[in-house]
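Heads up, final04.pdb below (PDB, C-alpha atoms):
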ATOM      1  CA  GLY A1115      76.517  37.610  28.623  1.00  0.00           C
ATOM      2  CA  GLN A1116      73.425  35.811  27.533  1.00  0.00           C
ATOM      3  CA  SER A1117      71.367  35.532  24.383  1.00  0.00           C
ATOM      4  CA  LEU A1118      68.167  33.862  23.303  1.00  0.00           C
ATOM      5  CA  GLU A1119      67.075  33.229  19.737  1.00  0.00           C
ATOM      6  CA  GLN A1120      63.523  32.586  18.664  1.00  0.00           C
ATOM      7  CA  PRO A1121      61.716  33.252  15.372  1.00  0.00           C
ATOM      8  CA  SER A1122      60.178  36.686  15.107  1.00  0.00           C
ATOM      9  CA  GLU A1123      56.923  35.523  13.508  1.00  0.00           C
ATOM     10  CA  VAL A1124      55.001  32.336  12.862  1.00  0.00           C
ATOM     11  CA  THR A1125      51.717  31.938  11.006  1.00  0.00           C
ATOM     12  CA  ALA A1126      49.481  28.879  11.246  1.00  0.00           C
ATOM     13  CA  VAL A1127      45.854  27.922  10.666  1.00  0.00           C
ATOM     14  CA  GLU A1128      43.201  27.069  13.197  1.00  0.00           C
ATOM     15  CA  GLY A1129      43.364  23.479  14.369  1.00  0.00           C
ATOM     16  CA  ALA A1130      46.987  23.047  13.358  1.00  0.00           C
ATOM     17  CA  ILE A1131      50.053  22.385  15.479  1.00  0.00           C
ATOM     18  CA  VAL A1132      52.866  24.884  15.727  1.00  0.00           C
ATOM     19  CA  GLN A1133      56.297  24.635  17.311  1.00  0.00           C
ATOM     20  CA  ILE A1134      58.246  27.689  18.445  1.00  0.00           C
ATOM     21  CA  ASN A1135      61.940  27.019  18.917  1.00  0.00           C
ATOM     22  CA  CYS A1136      64.292  28.738  21.285  1.00  0.00           C
ATOM     23  CA  THR A1137      68.052  28.452  21.544  1.00  0.00           C
ATOM     24  CA  TYR A1138      69.968  30.121  24.303  1.00  0.00           C
ATOM     25  CA  GLN A1139      73.423  30.930  25.537  1.00  0.00           C
ATOM     26  CA  THR A1140      73.897  31.821  29.143  1.00  0.00           C
ATOM     27  CA  SER A1141      75.965  31.128  32.199  1.00  0.00           C
ATOM     28  CA  GLY A1142      74.287  29.857  35.320  1.00  0.00           C
ATOM     29  CA  PHE A1143      71.358  28.207  33.537  1.00  0.00           C
ATOM     30  CA  TYR A1144      68.607  27.059  35.892  1.00  0.00           C
ATOM     31  CA  GLY A1145      65.620  26.482  33.615  1.00  0.00           C
ATOM     32  CA  LEU A1146      63.584  27.641  30.644  1.00  0.00           C
ATOM     33  CA  SER A1147      60.178  29.274  30.879  1.00  0.00           C
ATOM     34  CA  TRP A1148      57.559  30.202  28.307  1.00  0.00           C
ATOM     35  CA  TYR A1149      55.132  33.084  28.474  1.00  0.00           C
ATOM     36  CA  GLN A1150      52.213  34.284  26.386  1.00  0.00           C
ATOM     37  CA  GLN A1151      51.409  37.955  25.985  1.00  0.00           C
ATOM     38  CA  HIS A1152      48.445  39.445  24.193  1.00  0.00           C
ATOM     39  CA  ASP A1153      48.666  42.995  22.882  1.00  0.00           C
ATOM     40  CA  GLY A1154      48.306  45.496  25.688  1.00  0.00           C
ATOM     41  CA  GLY A1155      48.378  42.832  28.380  1.00  0.00           C
ATOM     42  CA  ALA A1156      50.908  41.411  30.782  1.00  0.00           C
ATOM     43  CA  PRO A1157      52.715  38.111  30.219  1.00  0.00           C
ATOM     44  CA  THR A1158      51.047  34.928  31.359  1.00  0.00           C
ATOM     45  CA  PHE A1159      53.100  31.988  32.545  1.00  0.00           C
ATOM     46  CA  LEU A1160      52.720  28.909  30.325  1.00  0.00           C
ATOM     47  CA  SER A1161      55.357  26.389  31.350  1.00  0.00           C
ATOM     48  CA  TYR A1162      58.737  25.771  32.907  1.00  0.00           C
ATOM     49  CA  ASN A1163      61.397  23.126  32.258  1.00  0.00           C
ATOM     50  CA  ALA A1164      64.212  22.536  34.691  1.00  0.00           C
ATOM     51  CA  LEU A1165      65.073  19.070  33.416  1.00  0.00           C
ATOM     52  CA  ASP A1166      65.424  17.618  29.949  1.00  0.00           C
ATOM     53  CA  GLY A1167      62.260  16.330  28.395  1.00  0.00           C
ATOM     54  CA  LEU A1168      58.720  17.252  27.656  1.00  0.00           C
ATOM     55  CA  GLU A1169      56.252  18.978  29.972  1.00  0.00           C
ATOM     56  CA  GLU A1170      52.629  18.887  28.927  1.00  0.00           C
ATOM     57  CA  THR A1171      49.897  21.231  30.087  1.00  0.00           C
ATOM     58  CA  GLY A1172      46.695  20.865  28.131  1.00  0.00           C
ATOM     59  CA  ARG A1173      47.164  22.023  24.550  1.00  0.00           C
ATOM     60  CA  PHE A1174      50.625  23.410  25.338  1.00  0.00           C
ATOM     61  CA  SER A1175      53.799  21.383  25.738  1.00  0.00           C
ATOM     62  CA  SER A1176      57.341  22.518  26.301  1.00  0.00           C
ATOM     63  CA  PHE A1177      60.577  20.689  25.714  1.00  0.00           C
ATOM     64  CA  LEU A1178      64.093  21.243  26.942  1.00  0.00           C
ATOM     65  CA  SER A1179      67.476  19.815  25.985  1.00  0.00           C
ATOM     66  CA  ARG A1180      70.107  21.247  28.283  1.00  0.00           C
ATOM     67  CA  SER A1181      72.966  19.664  26.350  1.00  0.00           C
ATOM     68  CA  ASP A1182      71.807  21.393  23.159  1.00  0.00           C
ATOM     69  CA  SER A1183      70.818  24.655  24.887  1.00  0.00           C
ATOM     70  CA  TYR A1184      67.537  24.309  23.080  1.00  0.00           C
ATOM     71  CA  GLY A1185      63.878  24.231  23.874  1.00  0.00           C
ATOM     72  CA  TYR A1186      60.558  24.562  22.154  1.00  0.00           C
ATOM     73  CA  LEU A1187      56.937  25.341  22.841  1.00  0.00           C
ATOM     74  CA  LEU A1188      54.355  23.201  21.087  1.00  0.00           C
ATOM     75  CA  LEU A1189      50.844  24.473  20.663  1.00  0.00           C
ATOM     76  CA  GLN A1190      48.233  21.992  19.510  1.00  0.00           C
ATOM     77  CA  GLU A1191      44.701  22.450  18.204  1.00  0.00           C
ATOM     78  CA  LEU A1192      45.376  26.091  17.528  1.00  0.00           C
ATOM     79  CA  GLN A1193      42.595  28.547  18.220  1.00  0.00           C
ATOM     80  CA  MET A1194      42.210  32.133  17.086  1.00  0.00           C
ATOM     81  CA  LYS A1195      42.696  33.289  20.675  1.00  0.00           C
ATOM     82  CA  ASP A1196      46.201  31.806  20.603  1.00  0.00           C
ATOM     83  CA  SER A1197      47.282  34.705  18.397  1.00  0.00           C
ATOM     84  CA  ALA A1198      49.748  36.476  20.665  1.00  0.00           C
ATOM     85  CA  SER A1199      53.432  36.923  21.360  1.00  0.00           C
ATOM     86  CA  TYR A1200      55.279  34.021  22.936  1.00  0.00           C
ATOM     87  CA  PHE A1201      58.482  34.539  24.868  1.00  0.00           C
ATOM     88  CA  CYS A1202      61.029  32.005  25.910  1.00  0.00           C
ATOM     89  CA  ALA A1203      62.921  33.068  28.984  1.00  0.00           C
ATOM     90  CA  VAL A1204      66.008  31.736  30.682  1.00  0.00           C
ATOM     91  CA  VAL A1205      65.964  31.480  34.455  1.00  0.00           C
ATOM     92  CA  ARG A1206      69.414  31.971  35.883  1.00  0.00           C
ATOM     93  CA  THR A1207      70.938  30.763  39.107  1.00  0.00           C
ATOM     94  CA  GLY A1208      71.963  33.265  41.724  1.00  0.00           C
ATOM     95  CA  GLY A1209      68.774  35.186  42.280  1.00  0.00           C
ATOM     96  CA  PHE A1210      66.615  33.335  39.731  1.00  0.00           C
ATOM     97  CA  LYS A1211      66.506  36.266  37.366  1.00  0.00           C
ATOM     98  CA  THR A1212      64.597  35.717  34.167  1.00  0.00           C
ATOM     99  CA  ILE A1213      65.981  36.976  30.888  1.00  0.00           C
ATOM    100  CA  PHE A1214      63.453  37.152  28.074  1.00  0.00           C
ATOM    101  CA  GLY A1215      63.919  36.447  24.407  1.00  0.00           C
ATOM    102  CA  ALA A1216      62.691  38.914  21.814  1.00  0.00           C
ATOM    103  CA  GLY A1217      59.423  37.040  21.388  1.00  0.00           C
ATOM    104  CA  THR A1218      57.653  35.218  18.589  1.00  0.00           C
ATOM    105  CA  ARG A1219      54.527  36.740  17.183  1.00  0.00           C
ATOM    106  CA  LEU A1220      52.034  33.968  16.369  1.00  0.00           C
ATOM    107  CA  PHE A1221      49.259  34.673  13.895  1.00  0.00           C
ATOM    108  CA  VAL A1222      46.467  32.099  13.742  1.00  0.00           C
ATOM    109  CA  LYS A1223      44.348  32.245  10.589  1.00  0.00           C
ATOM    110  CA  ALA A1224      40.893  30.826  10.046  1.00  0.00           C
TER     111      ALA A1224
ATOM    112  CA  GLY B1133      47.391  30.596  39.450  1.00  0.00           C
ATOM    113  CA  ALA B1134      48.386  33.233  41.909  1.00  0.00           C
ATOM    114  CA  VAL B1135      47.197  36.805  41.595  1.00  0.00           C
ATOM    115  CA  VAL B1136      49.423  39.837  41.446  1.00  0.00           C
ATOM    116  CA  SER B1137      47.936  43.298  41.335  1.00  0.00           C
ATOM    117  CA  GLN B1138      49.504  46.532  40.200  1.00  0.00           C
ATOM    118  CA  HIS B1139      48.382  50.040  40.882  1.00  0.00           C
ATOM    119  CA  PRO B1140      47.825  52.292  39.082  1.00  0.00           C
ATOM    120  CA  SER B1141      47.081  50.595  35.780  1.00  0.00           C
ATOM    121  CA  TRP B1142      47.926  53.753  33.924  1.00  0.00           C
ATOM    122  CA  VAL B1143      49.274  57.155  34.882  1.00  0.00           C
ATOM    123  CA  ILE B1144      50.098  60.391  33.117  1.00  0.00           C
ATOM    124  CA  CYS B1145      52.510  62.715  34.817  1.00  0.00           C
ATOM    125  CA  LYS B1146      54.428  65.854  34.021  1.00  0.00           C
ATOM    126  CA  SER B1147      58.124  65.873  33.352  1.00  0.00           C
ATOM    127  CA  GLY B1148      60.113  66.302  36.556  1.00  0.00           C
ATOM    128  CA  THR B1149      57.548  64.736  38.878  1.00  0.00           C
ATOM    129  CA  SER B1150      57.754  61.362  40.597  1.00  0.00           C
ATOM    130  CA  VAL B1151      55.419  58.416  40.219  1.00  0.00           C
ATOM    131  CA  LYS B1152      54.989  55.450  42.552  1.00  0.00           C
ATOM    132  CA  ILE B1153      53.799  52.088  41.280  1.00  0.00           C
ATOM    133  CA  GLU B1154      52.656  49.395  43.696  1.00  0.00           C
ATOM    134  CA  CYS B1155      52.879  45.673  43.145  1.00  0.00           C
ATOM    135  CA  ARG B1156      51.042  43.294  45.457  1.00  0.00           C
ATOM    136  CA  SER B1157      50.900  39.515  45.588  1.00  0.00           C
ATOM    137  CA  LEU B1158      47.380  38.871  46.773  1.00  0.00           C
ATOM    138  CA  ASP B1159      47.340  35.214  47.729  1.00  0.00           C
ATOM    139  CA  PHE B1160      50.906  34.199  48.457  1.00  0.00           C
ATOM    140  CA  GLN B1161      53.997  35.623  50.074  1.00  0.00           C
ATOM    141  CA  ALA B1162      56.770  36.565  47.711  1.00  0.00           C
ATOM    142  CA  THR B1163      60.246  37.131  49.032  1.00  0.00           C
ATOM    143  CA  THR B1164      61.330  37.995  45.514  1.00  0.00           C
ATOM    144  CA  MET B1165      59.639  40.274  43.042  1.00  0.00           C
ATOM    145  CA  PHE B1166      60.931  41.555  39.732  1.00  0.00           C
ATOM    146  CA  TRP B1167      60.376  44.814  37.890  1.00  0.00           C
ATOM    147  CA  TYR B1168      60.395  44.940  34.112  1.00  0.00           C
ATOM    148  CA  ARG B1169      60.015  47.622  31.499  1.00  0.00           C
ATOM    149  CA  GLN B1170      58.605  46.990  28.073  1.00  0.00           C
ATOM    150  CA  PHE B1171      58.607  49.378  25.126  1.00  0.00           C
ATOM    151  CA  PRO B1172      56.067  48.898  22.318  1.00  0.00           C
ATOM    152  CA  LYS B1173      56.638  45.759  20.265  1.00  0.00           C
ATOM    153  CA  GLN B1174      59.724  44.882  22.261  1.00  0.00           C
ATOM    154  CA  SER B1175      60.536  42.267  24.831  1.00  0.00           C
ATOM    155  CA  LEU B1176      60.503  42.652  28.580  1.00  0.00           C
ATOM    156  CA  MET B1177      63.657  44.121  29.990  1.00  0.00           C
ATOM    157  CA  LEU B1178      64.497  43.206  33.571  1.00  0.00           C
ATOM    158  CA  MET B1179      65.170  46.353  35.574  1.00  0.00           C
ATOM    159  CA  ALA B1180      65.730  45.032  39.063  1.00  0.00           C
ATOM    160  CA  THR B1181      65.151  42.247  41.532  1.00  0.00           C
ATOM    161  CA  SER B1182      63.313  43.248  44.669  1.00  0.00           C
ATOM    162  CA  ASN B1183      64.011  41.209  47.789  1.00  0.00           C
ATOM    163  CA  GLU B1184      61.963  41.594  50.950  1.00  0.00           C
ATOM    164  CA  GLY B1185      64.002  43.081  53.723  1.00  0.00           C
ATOM    165  CA  SER B1186      67.046  43.929  51.651  1.00  0.00           C
ATOM    166  CA  LYS B1187      68.165  46.329  48.964  1.00  0.00           C
ATOM    167  CA  ALA B1188      67.069  45.755  45.417  1.00  0.00           C
ATOM    168  CA  THR B1189      69.531  44.438  42.863  1.00  0.00           C
ATOM    169  CA  TYR B1190      69.590  46.542  39.712  1.00  0.00           C
ATOM    170  CA  GLU B1191      70.487  45.407  36.238  1.00  0.00           C
ATOM    171  CA  GLN B1192      73.335  47.041  34.400  1.00  0.00           C
ATOM    172  CA  GLY B1193      72.348  50.375  32.953  1.00  0.00           C
ATOM    173  CA  VAL B1194      69.394  50.942  35.287  1.00  0.00           C
ATOM    174  CA  GLU B1195      69.862  53.960  37.550  1.00  0.00           C
ATOM    175  CA  LYS B1196      69.065  52.986  41.108  1.00  0.00           C
ATOM    176  CA  ASP B1197      68.654  56.608  42.181  1.00  0.00           C
ATOM    177  CA  LYS B1198      66.087  57.175  39.484  1.00  0.00           C
ATOM    178  CA  PHE B1199      64.112  53.966  39.917  1.00  0.00           C
ATOM    179  CA  LEU B1200      63.664  53.518  43.656  1.00  0.00           C
ATOM    180  CA  ILE B1201      62.492  50.091  44.735  1.00  0.00           C
ATOM    181  CA  ASN B1202      61.185  49.206  48.165  1.00  0.00           C
ATOM    182  CA  HIS B1203      60.074  45.716  49.160  1.00  0.00           C
ATOM    183  CA  ALA B1204      58.410  46.594  52.417  1.00  0.00           C
ATOM    184  CA  SER B1205      56.643  43.313  53.085  1.00  0.00           C
ATOM    185  CA  LEU B1206      56.233  39.828  51.682  1.00  0.00           C
ATOM    186  CA  THR B1207      53.282  41.009  49.625  1.00  0.00           C
ATOM    187  CA  LEU B1208      54.237  44.515  48.523  1.00  0.00           C
ATOM    188  CA  SER B1209      56.962  46.018  46.372  1.00  0.00           C
ATOM    189  CA  THR B1210      56.954  49.571  45.074  1.00  0.00           C
ATOM    190  CA  LEU B1211      58.764  51.223  42.201  1.00  0.00           C
ATOM    191  CA  THR B1212      59.135  54.989  42.244  1.00  0.00           C
ATOM    192  CA  VAL B1213      60.195  56.704  39.057  1.00  0.00           C
ATOM    193  CA  THR B1214      61.821  59.929  40.245  1.00  0.00           C
ATOM    194  CA  SER B1215      62.144  63.092  38.178  1.00  0.00           C
ATOM    195  CA  ALA B1216      60.371  61.439  35.292  1.00  0.00           C
ATOM    196  CA  HIS B1217      61.208  62.367  31.723  1.00  0.00           C
ATOM    197  CA  PRO B1218      59.339  61.587  28.494  1.00  0.00           C
ATOM    198  CA  GLU B1219      61.828  58.818  27.697  1.00  0.00           C
ATOM    199  CA  ASP B1220      60.656  57.039  30.865  1.00  0.00           C
ATOM    200  CA  SER B1221      57.264  56.550  29.250  1.00  0.00           C
ATOM    201  CA  SER B1222      56.806  52.812  29.045  1.00  0.00           C
ATOM    202  CA  PHE B1223      54.866  49.799  30.260  1.00  0.00           C
ATOM    203  CA  TYR B1224      56.141  48.780  33.692  1.00  0.00           C
ATOM    204  CA  ILE B1225      55.367  45.251  34.816  1.00  0.00           C
ATOM    205  CA  CYS B1226      56.093  43.578  38.120  1.00  0.00           C
ATOM    206  CA  SER B1227      56.115  39.900  38.896  1.00  0.00           C
ATOM    207  CA  ALA B1228      56.203  37.785  42.025  1.00  0.00           C
ATOM    208  CA  LEU B1229      58.239  34.638  42.212  1.00  0.00           C
ATOM    209  CA  SER B1230      56.953  31.301  43.426  1.00  0.00           C
ATOM    210  CA  GLN B1231      59.746  28.814  43.376  1.00  0.00           C
ATOM    211  CA  GLY B1232      60.296  25.232  44.505  1.00  0.00           C
ATOM    212  CA  GLN B1233      62.980  22.670  43.841  1.00  0.00           C
ATOM    213  CA  LEU B1234      61.834  21.871  40.330  1.00  0.00           C
ATOM    214  CA  THR B1235      59.186  24.485  39.874  1.00  0.00           C
ATOM    215  CA  TYR B1236      59.489  28.087  38.955  1.00  0.00           C
ATOM    216  CA  GLU B1237      56.608  30.367  38.263  1.00  0.00           C
ATOM    217  CA  GLN B1238      56.520  34.079  37.880  1.00  0.00           C
ATOM    218  CA  TYR B1239      53.138  35.643  38.297  1.00  0.00           C
ATOM    219  CA  PHE B1240      52.888  38.941  36.524  1.00  0.00           C
ATOM    220  CA  GLY B1241      50.887  41.961  37.473  1.00  0.00           C
ATOM    221  CA  PRO B1242      48.689  43.571  34.812  1.00  0.00           C
ATOM    222  CA  GLY B1243      51.249  46.300  34.192  1.00  0.00           C
ATOM    223  CA  THR B1244      51.277  50.063  34.565  1.00  0.00           C
ATOM    224  CA  ARG B1245      51.374  52.261  31.501  1.00  0.00           C
ATOM    225  CA  LEU B1246      53.312  55.425  32.310  1.00  0.00           C
ATOM    226  CA  THR B1247      53.155  58.449  30.062  1.00  0.00           C
ATOM    227  CA  VAL B1248      55.361  61.414  30.892  1.00  0.00           C
ATOM    228  CA  THR B1249      54.392  64.665  29.204  1.00  0.00           C
TER     229      THR B1249
END

Let me see the file written as structure tokens.
Amino acid sequence: GQSLEQPSEVTAVEGAIVQINCTYQTSGFYGLSWYQQHDGGAPTFLSYNALDGLEETGRFSSFLSRSDSYGYLLLQELQMKDSASYFCAVVRTGGFKTIFGAGTRLFVKA
Amino acid sequence: GAVVSQHPSWVICKSGTSVKIECRSLDFQATTMFWYRQFPKQSLMLMATSNEGSKATYEQGVEKDKFLINHASLTLSTLTVTSAHPEDSSFYICSALSQGQLTYEQYFGPGTRLTVT
């Protein structure tokens, strides 16, 4: 089977930096993705890591360590609009199915 | 990023009827699309993988005769919920896969909120 662990909730203030960790267990690991979802909306793709290391896209960065089965999403210069749920998701080989974690609810306070 | 549309955005139907949801990739061809279901305050649950020109692959526990998937073209996949029951009420989301050697992006549709009365 497979499992993903991420914190259920994180609270931070505007302008701060927050890191959301994700550990996973799966067979046939291909890569790790991150998605943002606002209430009532569909998920939006944020980043994808196939190789170890850091990927940076604007204020968001994502890191992967395949040997540790661990990744994180780093959000910098937090804004109120960043309040949302963030999902890490494992992409598996053999069809490239994506299995989502339970999600981390981020609350950004003024 | 790429655009994926879903239609309808919301639907209310009576128990026992069938509902068809369309998923279209508007600006790229997608050989693979995915269908998810999401209950309130829960994560996305993968229901099936839709492959153009072949039968869909269903996840364990998802009834293929109840959730009919057709991937008729490289830009269209449909999900039909047959003989709907109130417990089928959920948010159904499709996505289209764009994948390269080191890249992987799923573009999600806006979702369809189904309410079965």

For this session: Tell me which protein, DNA and RNA residues are within 6 Å of region 1128-1133 of chain A, counting all atoms listed in the file, leaving out same-chain ones fewer than 4 positions away, and put them as a ChimeraX atom specification.
Result: /A:1187-1193,1223-1224

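Of the listed residues B:Ser1222, B:Gln1174, B:Thr1212, B:Thr1235, the one whose atoms come nearest to Ile1144 (chain B) is B:Ser1222, with distances taken using all atoms listed in the file.
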
Problem set entry | Selection dump of the PyMOL selection byres ((chain A and resi 1216) around 10), as a list in words | Ser1117, Leu1118, Glu1119, Gln1120, Pro1121, Ser1122, Ser1199, Tyr1200, Phe1201, Cys1202, Ala1203, Ile1213, Phe1214, Gly1215, Gly1217, Thr1218 and Arg1219 of chain A; Lys1173, Gln1174, Ser1175, Leu1176 and Met1177 of chain B

Using 12 Å as the limit and counting only C-alpha atoms, can you tabulate each residue of chain A that touches chain B, with its shortest atom-to-atom distance in Å and the two atoms involved, as JSON lines?
{"residue": "A:Gly1115", "atom": "CA", "partner": "B:Gln1192", "partner_atom": "CA", "distance": 11.5}
{"residue": "A:Leu1118", "atom": "CA", "partner": "B:Ser1175", "partner_atom": "CA", "distance": 11.5}
{"residue": "A:Gln1120", "atom": "CA", "partner": "B:Ser1175", "partner_atom": "CA", "distance": 11.9}
{"residue": "A:Ser1122", "atom": "CA", "partner": "B:Gln1174", "partner_atom": "CA", "distance": 10.9}
{"residue": "A:Tyr1144", "atom": "CA", "partner": "B:Leu1234", "partner_atom": "CA", "distance": 9.6}
{"residue": "A:Gly1145", "atom": "CA", "partner": "B:Tyr1236", "partner_atom": "CA", "distance": 8.3}
{"residue": "A:Leu1146", "atom": "CA", "partner": "B:Tyr1236", "partner_atom": "CA", "distance": 9.3}
{"residue": "A:Ser1147", "atom": "CA", "partner": "B:Tyr1236", "partner_atom": "CA", "distance": 8.2}
{"residue": "A:Trp1148", "atom": "CA", "partner": "B:Glu1237", "partner_atom": "CA", "distance": 10.0}
{"residue": "A:Tyr1149", "atom": "CA", "partner": "B:Gln1238", "partner_atom": "CA", "distance": 9.6}
{"residue": "A:Gln1150", "atom": "CA", "partner": "B:Phe1240", "partner_atom": "CA", "distance": 11.2}
{"residue": "A:Gln1151", "atom": "CA", "partner": "B:Ser1175", "partner_atom": "CA", "distance": 10.2}
{"residue": "A:His1152", "atom": "CA", "partner": "B:Lys1173", "partner_atom": "CA", "distance": 11.1}
{"residue": "A:Asp1153", "atom": "CA", "partner": "B:Lys1173", "partner_atom": "CA", "distance": 8.8}
{"residue": "A:Gly1154", "atom": "CA", "partner": "B:Gly1243", "partner_atom": "CA", "distance": 9.0}
{"residue": "A:Gly1155", "atom": "CA", "partner": "B:Pro1242", "partner_atom": "CA", "distance": 6.5}
{"residue": "A:Ala1156", "atom": "CA", "partner": "B:Pro1242", "partner_atom": "CA", "distance": 5.1}
{"residue": "A:Pro1157", "atom": "CA", "partner": "B:Phe1240", "partner_atom": "CA", "distance": 6.4}
{"residue": "A:Thr1158", "atom": "CA", "partner": "B:Phe1240", "partner_atom": "CA", "distance": 6.8}
{"residue": "A:Phe1159", "atom": "CA", "partner": "B:Gln1238", "partner_atom": "CA", "distance": 6.7}
{"residue": "A:Leu1160", "atom": "CA", "partner": "B:Glu1237", "partner_atom": "CA", "distance": 9.0}
{"residue": "A:Ser1161", "atom": "CA", "partner": "B:Glu1237", "partner_atom": "CA", "distance": 8.1}
{"residue": "A:Tyr1162", "atom": "CA", "partner": "B:Tyr1236", "partner_atom": "CA", "distance": 6.5}
{"residue": "A:Asn1163", "atom": "CA", "partner": "B:Thr1235", "partner_atom": "CA", "distance": 8.0}
{"residue": "A:Ala1164", "atom": "CA", "partner": "B:Leu1234", "partner_atom": "CA", "distance": 6.2}
{"residue": "A:Leu1165", "atom": "CA", "partner": "B:Leu1234", "partner_atom": "CA", "distance": 8.1}
{"residue": "A:Asp1166", "atom": "CA", "partner": "B:Leu1234", "partner_atom": "CA", "distance": 11.8}
{"residue": "A:Glu1169", "atom": "CA", "partner": "B:Thr1235", "partner_atom": "CA", "distance": 11.7}
{"residue": "A:Ala1198", "atom": "CA", "partner": "B:Lys1173", "partner_atom": "CA", "distance": 11.6}
{"residue": "A:Ser1199", "atom": "CA", "partner": "B:Lys1173", "partner_atom": "CA", "distance": 9.5}
{"residue": "A:Tyr1200", "atom": "CA", "partner": "B:Ser1175", "partner_atom": "CA", "distance": 10.0}
{"residue": "A:Phe1201", "atom": "CA", "partner": "B:Ser1175", "partner_atom": "CA", "distance": 8.0}
{"residue": "A:Cys1202", "atom": "CA", "partner": "B:Ser1175", "partner_atom": "CA", "distance": 10.3}
{"residue": "A:Ala1203", "atom": "CA", "partner": "B:Leu1176", "partner_atom": "CA", "distance": 9.9}
{"residue": "A:Val1204", "atom": "CA", "partner": "B:Tyr1236", "partner_atom": "CA", "distance": 11.1}
{"residue": "A:Val1205", "atom": "CA", "partner": "B:Tyr1236", "partner_atom": "CA", "distance": 8.6}
{"residue": "A:Arg1206", "atom": "CA", "partner": "B:Tyr1236", "partner_atom": "CA", "distance": 11.1}
{"residue": "A:Thr1207", "atom": "CA", "partner": "B:Tyr1236", "partner_atom": "CA", "distance": 11.8}
{"residue": "A:Gly1208", "atom": "CA", "partner": "B:Thr1181", "partner_atom": "CA", "distance": 11.3}
{"residue": "A:Gly1209", "atom": "CA", "partner": "B:Thr1181", "partner_atom": "CA", "distance": 8.0}
{"residue": "A:Phe1210", "atom": "CA", "partner": "B:Leu1229", "partner_atom": "CA", "distance": 8.8}
{"residue": "A:Lys1211", "atom": "CA", "partner": "B:Thr1181", "partner_atom": "CA", "distance": 7.4}
{"residue": "A:Thr1212", "atom": "CA", "partner": "B:Leu1178", "partner_atom": "CA", "distance": 7.5}
{"residue": "A:Ile1213", "atom": "CA", "partner": "B:Leu1178", "partner_atom": "CA", "distance": 6.9}
{"residue": "A:Phe1214", "atom": "CA", "partner": "B:Leu1176", "partner_atom": "CA", "distance": 6.3}
{"residue": "A:Gly1215", "atom": "CA", "partner": "B:Ser1175", "partner_atom": "CA", "distance": 6.7}
{"residue": "A:Ala1216", "atom": "CA", "partner": "B:Ser1175", "partner_atom": "CA", "distance": 5.0}
{"residue": "A:Gly1217", "atom": "CA", "partner": "B:Ser1175", "partner_atom": "CA", "distance": 6.4}
{"residue": "A:Thr1218", "atom": "CA", "partner": "B:Ser1175", "partner_atom": "CA", "distance": 9.8}
{"residue": "A:Arg1219", "atom": "CA", "partner": "B:Lys1173", "partner_atom": "CA", "distance": 9.8}

Problem set entry | Atom-to-atom span, CA of Glu1184 (chain B) and CA of Arg1156 (chain B), Å |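 Spanning CA of Glu1184 (chain B) to CA of Arg1156 (chain B) is a straight-line distance of 12.3 Å.
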
Problem set entry | Result set, the PyMOL selection byres ((chain A and resi 1177) around 7) on current file, as number ranges by chain | A: 1167-1169, 1175-1176, 1178-1179, 1185-1187

For this session: Would you mind listing what lies within 9 Å of Phe1160 (chain B) as a ChimeraX atom specification, with only C-alpha atoms counted and same-chain residues fewer than 6 positions away left out?
Result: /B:1134-1135,1206-1207,1230

Hey, could you pull the box centre and edge lengths for region 1208-1215 of chain B, axis-aligned, 4 Å padding per side, all listed atoms, to one decimal in Å, as lines of an AutoDock Vina configuration file?
center_x = 58.2
center_y = 53.8
center_z = 43.4
size_x = 15.9
size_y = 26.6
size_z = 18.3

Could you list, as a compact mmCIF listing (two decimals) with C-alpha atoms, in the frame of the given file, every residue matched by the PyMOL selection byres ((chain A and resi 1141) around 8) in this structure?
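Generated output (selection.txt):
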# COMPACT_ATOMS: atom_id res chain seq x y z
CA GLY A 1115 76.52 37.61 28.62
CA GLN A 1116 73.42 35.81 27.53
CA GLN A 1139 73.42 30.93 25.54
CA THR A 1140 73.90 31.82 29.14
CA GLY A 1142 74.29 29.86 35.32
CA PHE A 1143 71.36 28.21 33.54
CA ARG A 1206 69.41 31.97 35.88

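Going from CA of Ser1205 (chain B) over to CA of Gln1192 (chain B), you cover 25.3 Å.
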
For this session: Quote the spacing between CA of Asp1220 (chain B) and CA of Gln1138 (chain B) in Å to one decimal place.
Result: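 Interatomic distance, CA of Asp1220 (chain B) to CA of Gln1138 (chain B): 17.9 Å.
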